[in-house]
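Here is the structure we will look at.
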Amino acid sequence: MTTLMTPAIVSTVPGLNAPKPTPLSETKTLTVAKAINEGLRQAMLDDPKVVLLGEDIGALGGVFRVTSDLLAQFGARRVIDTPLAESAIVGTAVGLAYRGYRPVCEIQFDGFIFPAFDQIVSQVAKFHYRTQGAVRMPITIRVPFGGGIGAAEHHSESPEAYFTHTSGLRVIAVSNAQDAYSLIRQAIASDDPVLYFEPKRRYHVKGEVVPELGLVMERAVIVRPGTDVTLLAYGALVTTARDAALAAFDEGISIEVIDLRSLSPVDYAVVEASVRKTGRLVVTHEAAQSGGLGGEIIATITERCFSFLESAPVRVTGFDVPYPPAKLESHHLPDLDRILDGVDRVMGRR
Amino acid sequence: MIDFSPQLVQLLSLDGERMPSGDFDPWVADLDGPALLALYRDMVVVRRIDTEATALQRQGELGLWPPLLGQEAAQIGSARALRSDDFIFPSYRENAVAYCRGVKVSDIVKVWRGNAQSGWDPYTVNMATPAIIIGAQTLHATGWALGAQRDEVDSVAIAYFGDGATSEGDVHEAMVFAASFQAPVVFFCQNNQWAISEPVGVQAHRNIADRAPGFGIPSLRIDGNDVIAVLAATRIALDRARTGGGPTFIEAVTYRMGPHTTADDPTRYRDPAELAEWKTRDPVLRLHRLLTSLGEITPEVEAETAALADAAAAELRAGCIGMADPEPLSVFDHVYATPNATLERQRSDYAGYLTSFGTEHDSAEQNRKA
């Protein structure tokens with residue numbers, strides 16, 4: 001005997017009647033995930049046209065809880081649990097943007113973005129150019145990225161270079177709670193589409209957050225000044241790079257660590273000024289080396305600062321392999337020692 | 001009650017006789033002689049524009065042209081059902097829809113002359129510019145409809161696409177989303193039997209209209225060469241969307257009488273007998289027969305219609321040939337809405353490169369061509 005299946009109707013949402021949290025109004029210590037959550041909340045309060053789309057972003061609050069409590073506060077019309085179809089998440093965001101909305105899409109994991117690749121590259125990135133400025137695409141696409149969490153395949157990737165190679169997109173990678181808050185607000189307010197990469201393995205790292213927009217998102221930031229080597233990092237590796245600088249300092253090497261923040265466009269003014277001072281450049285990223293952002297930055301810096309360079313710039317990156325099984329990822333991911341090894345090479349010590 | 005079944009809806013016979021239908025007739029009750037004549041004129045004019053654009057391509061004035069020959073009823077009937085606040089997301093063959101929307105005829109060919117990637121500002125006519133990636137626009141229409149739903153207005157989005165597009169994942173995802181959120185969107189599929197060289201049988205083993213009910217979307221399969229049936233079906237779908245009924249799928253069964261584009265050669269893959277057969281179902285001829293029987297066709301009407309068509313063709317030709325080439329440095333314009341230092345550097349480097357040949361950009365262009 002067969003029973004007809006009737007679709008489950010979610011008539012009540014847990015927490016829907018919970019008291020509404022007040023937005024961040026003073027300096028607080030927050031995790032990176034909570035800082036993004038607060039940034040989303042503030043953006044939604046500021047502009048009724050901000051809507052969120054994604055898988056499991058409603059009652060669950062996203063698999064990383066970044067959208068926690070937003071459904072309860074803003075309702076299902078603005079926090080939209082979508083069917084499981086990434087191309088449609090981005091493609092319908094295009095239509096919403098056409099109607100004047102500012103959609104924020106959540107791609108659940110880095111490796112799940114590829115079904116949406118066509119809509120991002122062929123539509124989101126090109127609409128403003130295609131229509132000679134008539135149609136804007138103020139869409140933010142949030143992507144947890146990077147490895148180091150012992151996950152299964154497709155959950156640890158660093159696909160940023162596909163997007164930095166695509167004209168029309170802005171690409172941001174945040175490394176800390178303050179930037180997580182400030183830059184998600186800036187990304188949403190931007191009239192250009194923004195790929196916003198979140199440092200998955202640092203989601204739970206706490207930091208002080210001032211509820212301000214801060215420095216414009218295009219700007220790179222020197223997180224530790226130094227004189228011998230310029231070390232560029234972004235996302236989760238900024239912390240590793242800073243630790244490497246501390247360790248190198250004990251060995252008498254002064255490293256200037258730059259958090260790139262904006263991967264497209266790259267803030268070359270800050271990078272150039274640093275390299276003119278140090279004469280040496282190391283770039284690190286988790287993504288594979290060939291065709292990666294490090295190569296592009298090094299080429300540009302070599303073009304612009306050739307006479308200032310004391311030695312050939314060095315890349316410390318993931319290998320040119322598909323993201324490996326969890327038990328091998330520590331070999332693939334740049335860590336403190338591999339970064340120091342790169343520093344030794346650029347210093348001519350190896 | 002409208003019967004959403006796979007039965008082909010036809011309100012105008014091949015001989016031009018009005019076929020009564022209790023369900024559909026109320027939706028086209030306003031179609032008196034003058035209203036039918038207006039549809040006829042639209043169809044004659046867009047066919048003439050299409051012929052002229054093909055000629056302009058052959059004469060080297062357009063890089064490419066996708067003819068709509070044979071699909072006039074499907075496009076005119078659906079476009080004339082829309083309100084001005086409805087928003088159209090077309091593919092690249094909906095030139096008759098653009099005409100109905102009031103797009104300047106020379107703007108329709110701007111893309112095909114290579115002067116721009118959009119011939120018009122979508123917001124001035126509530127019609128997006130051609131989507132070339134097959135099926136991608138169905139998601140845009142669905143997203144726009146989600147916006148309309150949130151704005152609590154009764155405007156409707158309509159997506160135009162072909163039989164080939166129904167194989168694309170985006171079209172399926174659009175139907176999933178539209179059904180899930182009951183979005184006010186109309187999926188208007190012109191099944192013109194051919195996706196370049198692939199017959200519709202390669203895309204679907206059953207009628208395309210049969211797919212939508214699986215997504216929970218009612219569908220209508222209509223004779224796409226019958227402008228009255230097309231108008232009725234589109235009105236029904238729009239009304240459902242406006243009144244909270246959600247999405248509707250329409251399969252307009254028609255025929256691409258010409259090539260896919262001017263770069264295509266259908267003689268390599270198509271039986272001439274098939275074309276001959278479809279010519280007997282010509283949408284313009286069919287309406288002409290009805291109008292003749294209604295006494296609407298007089299020598300004066302014929303002359304007036306031909307003059308309208310010729311005027312549109314002349315406007316197209318003059319506008320096309322008179323189109324100024326874009327400025328070289330405009331290649332950098334509008335990549336971003338906000339300033340971008342990396343791109344500005346490329347622009348200023350290239351401007352410097354161009355001026356290194358002299359004060360005029362033209363001299364650099366000439367050097368490059370030489």
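Here's how to read the names in the structure tokens: chain A, B, ... by the order shown, residue numbers from 1 in each chain, ligand numbers from 1 in the order shown.
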Please identify all polymer residues within 6 Å of region 109-114 of chain B, counting only C-alpha atoms, omitting same-chain residues fewer than 5 positions from it, and present them as a PDB file with C-alpha atoms, in the first residue's frame.
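Output saved as out.pdb:
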```
ATOM      1  CA  LEU B  62      25.599  43.686 -39.609  1.00  0.00           C
ATOM      2  CA  GLY B  63      27.971  41.041 -38.321  1.00  0.00           C
ATOM      3  CA  LEU B  64      25.149  38.616 -37.682  1.00  0.00           C
ATOM      4  CA  GLY B 119      20.887  48.116 -27.894  1.00  0.00           C
TER       5      GLY B 119
END
```
Do me a favour and pick out the residues of chain A within 7 Å of chain B, using only C-alpha atoms, as a count of residues only.
-> 25
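When only C-alpha atoms are used to compute distances to Leu231 (chain B), the closest of the residues B:Leu291, B:Leu56, B:Ala79, B:Leu69 turns out to be B:Ala79.
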Write out as a count of residues only all residues of region 37-251 of chain A that backbone DSSP assigns to helix (DSSP H, G or I).
-> 81
